[in-house]
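Data block for entry-v5.txt (compact mmCIF, C-alpha atoms):
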```
# COMPACT_ATOMS: atom_id res chain seq x y z
CA MET A 1 123.17 114.82 98.20
CA VAL A 2 119.45 114.87 99.00
CA ALA A 3 117.88 111.77 100.56
CA ASN A 4 114.86 110.09 99.03
CA VAL A 5 111.64 111.31 100.61
CA LYS A 6 108.67 108.98 101.14
CA VAL A 7 105.48 110.31 99.57
CA THR A 8 102.64 110.52 102.13
CA ASP A 9 100.26 113.08 100.60
CA PRO A 10 96.99 111.20 99.77
CA GLU A 11 96.35 113.14 96.55
CA LYS A 12 99.89 112.57 95.29
CA LEU A 13 99.71 108.90 96.29
CA ALA A 14 96.49 108.45 94.30
CA LEU A 15 98.24 109.81 91.21
CA LEU A 16 101.30 107.64 91.82
CA TYR A 17 99.22 104.46 92.25
CA GLU A 18 97.48 105.25 88.95
CA ARG A 19 100.78 105.95 87.19
CA PHE A 20 102.29 102.78 88.68
CA ARG A 21 99.35 100.76 87.29
CA ASP A 22 99.74 102.29 83.84
CA VAL A 23 103.50 101.72 83.71
CA CYS A 24 103.13 98.09 84.83
CA LEU A 25 100.51 97.47 82.13
CA VAL A 26 102.71 98.94 79.40
CA GLU A 27 105.90 97.22 80.55
CA LYS A 28 104.05 93.95 81.37
CA GLU A 29 105.93 93.64 84.67
CA VAL A 30 106.04 95.26 88.08
CA TRP A 31 108.18 98.34 87.66
CA LYS A 32 110.55 99.65 90.37
CA GLU A 33 110.88 103.21 89.08
CA ILE A 34 108.29 105.55 87.60
CA PHE A 35 108.28 109.07 86.24
CA MET A 36 105.63 111.75 86.67
CA PRO A 37 105.40 115.16 85.01
CA ARG A 38 106.84 117.76 87.32
CA GLU A 39 104.30 119.91 89.13
CA PRO A 40 104.68 123.56 88.24
CA ALA A 41 105.75 125.79 91.13
CA SER A 42 104.96 128.88 89.11
CA GLY A 43 105.33 130.21 85.62
CA PRO A 44 105.51 128.14 82.42
CA VAL A 45 105.67 124.36 82.66
CA ARG A 46 108.54 122.53 80.98
CA THR A 47 107.04 119.28 79.74
CA ASN A 48 110.42 117.60 79.27
CA ILE A 49 111.18 117.66 83.02
CA GLN A 50 109.82 114.81 85.09
CA ASP A 51 110.09 113.73 88.72
CA ARG A 52 111.43 110.25 89.33
CA TYR A 53 110.06 107.95 92.04
CA THR A 54 111.40 104.69 93.36
CA VAL A 55 108.72 102.09 94.02
CA GLU A 56 109.26 99.87 97.04
CA ILE A 57 107.14 96.77 97.69
CA ASP A 58 107.83 95.39 101.16
CA ASP A 59 106.51 91.86 100.61
CA PRO A 60 107.55 89.52 97.75
CA THR A 61 104.13 87.83 97.78
CA VAL A 62 102.51 91.21 97.08
CA GLU A 63 104.80 91.71 94.09
CA ASP A 64 103.86 88.22 92.84
CA ALA A 65 100.15 89.04 93.25
CA LEU A 66 100.58 92.29 91.30
CA ASP A 67 102.50 90.45 88.57
CA ALA A 68 99.69 87.88 88.32
CA ASN A 69 97.11 90.66 87.79
CA ILE A 70 98.95 92.46 84.97
CA PRO A 71 97.67 90.13 82.20
CA LEU A 72 94.12 90.58 83.52
CA GLY A 73 94.07 94.28 82.59
CA ALA A 74 93.76 97.71 84.17
CA ALA A 75 90.73 97.02 86.38
CA ALA A 76 92.23 93.87 87.95
CA LEU A 77 95.65 95.43 88.45
CA GLY A 78 94.10 98.62 89.86
CA ALA A 79 92.07 96.56 92.34
CA ALA A 80 95.18 94.62 93.39
CA ILE A 81 97.15 97.85 93.87
CA GLN A 82 94.36 99.24 96.07
CA GLU A 83 94.21 95.97 98.02
CA TYR A 84 97.96 96.00 98.69
CA ARG A 85 98.59 99.76 98.81
CA THR A 86 99.93 99.57 102.38
CA HIS A 87 102.79 97.44 101.03
CA ILE A 88 103.64 99.81 98.16
CA SER A 89 105.69 102.93 98.92
CA PHE A 90 106.95 105.69 96.66
CA TYR A 91 110.12 107.67 97.29
CA GLY A 92 110.87 110.88 95.41
CA LYS A 93 114.39 111.06 94.05
CA GLY A 94 116.11 114.12 95.39
```

Let's see the structure in the file written out as structure tokens.
Amino acid sequence: MVANVKVTDPEKLALLYERFRDVCLVEKEVWKEIFMPREPASGPVRTNIQDRYTVEIDDPTVEDALDANIPLGAAALGAAIQEYRTHISFYGKG
């Protein structure tokens, strides 16, 4: 069994924050698990394979603030995610 690995790469985190925002807007709630298309190592890309990430928010007040920004749209939620990004962690499912 492979342990979950915390994502620390800034480029990957930027993509995950964006994906997290989009999923929350569609689901109309703060989501605890998101999926991203798998990055190709080499060769053809299978579009039906996705990587799964657990979202961890370490402060309930941050989650409440994010929830409050969802009805305000993408710009407001994106700003809130950037404001609280130190409280939001992503873990790749192994």

Q.
So the first atom is atom CA of A:Val7 and the second is atom CA of A:Lys28; what is the distance between them in Å, to one decimal place?
A. 24.5 Å

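Nearest to A:Val30 of all the residues A:Ala75, A:Ala14, A:Ile88, A:Val5 is A:Ile88, based on all atoms listed in the file.
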
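Residues in contact range of A:Asp64, defined as at most 12 Å between all atoms listed in the file, with sequence neighbours fewer than 6 positions away removed, read Glu29, Val30, Ile57, Asp58, Ile70, Leu77, Ala80, Ile81 and Tyr84 of chain A.
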
Those same residues, written as a CSV table (one decimal), keeping the file's coordinate frame with C-alpha atoms?
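The resulting file, out.csv, is reproduced below:
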```
chain,number,residue,atom,x,y,z
A,29,GLU,CA,105.9,93.6,84.7
A,30,VAL,CA,106.0,95.3,88.1
A,57,ILE,CA,107.1,96.8,97.7
A,58,ASP,CA,107.8,95.4,101.2
A,70,ILE,CA,99.0,92.5,85.0
A,77,LEU,CA,95.6,95.4,88.4
A,80,ALA,CA,95.2,94.6,93.4
A,81,ILE,CA,97.2,97.8,93.9
A,84,TYR,CA,98.0,96.0,98.7
```

Q: Quote the spacing between atom CA of A:Asp59 and atom CA of A:His87 in Å to one decimal place.
A: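 Answer for the atom CA of A:Asp59 to atom CA of A:His87 separation: 6.7 Å.
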
Q. Rounded to one decimal in Å, what is the spacing between atom CA of A:Ser89 and atom CA of A:Glu56?
A. 5.1 Å
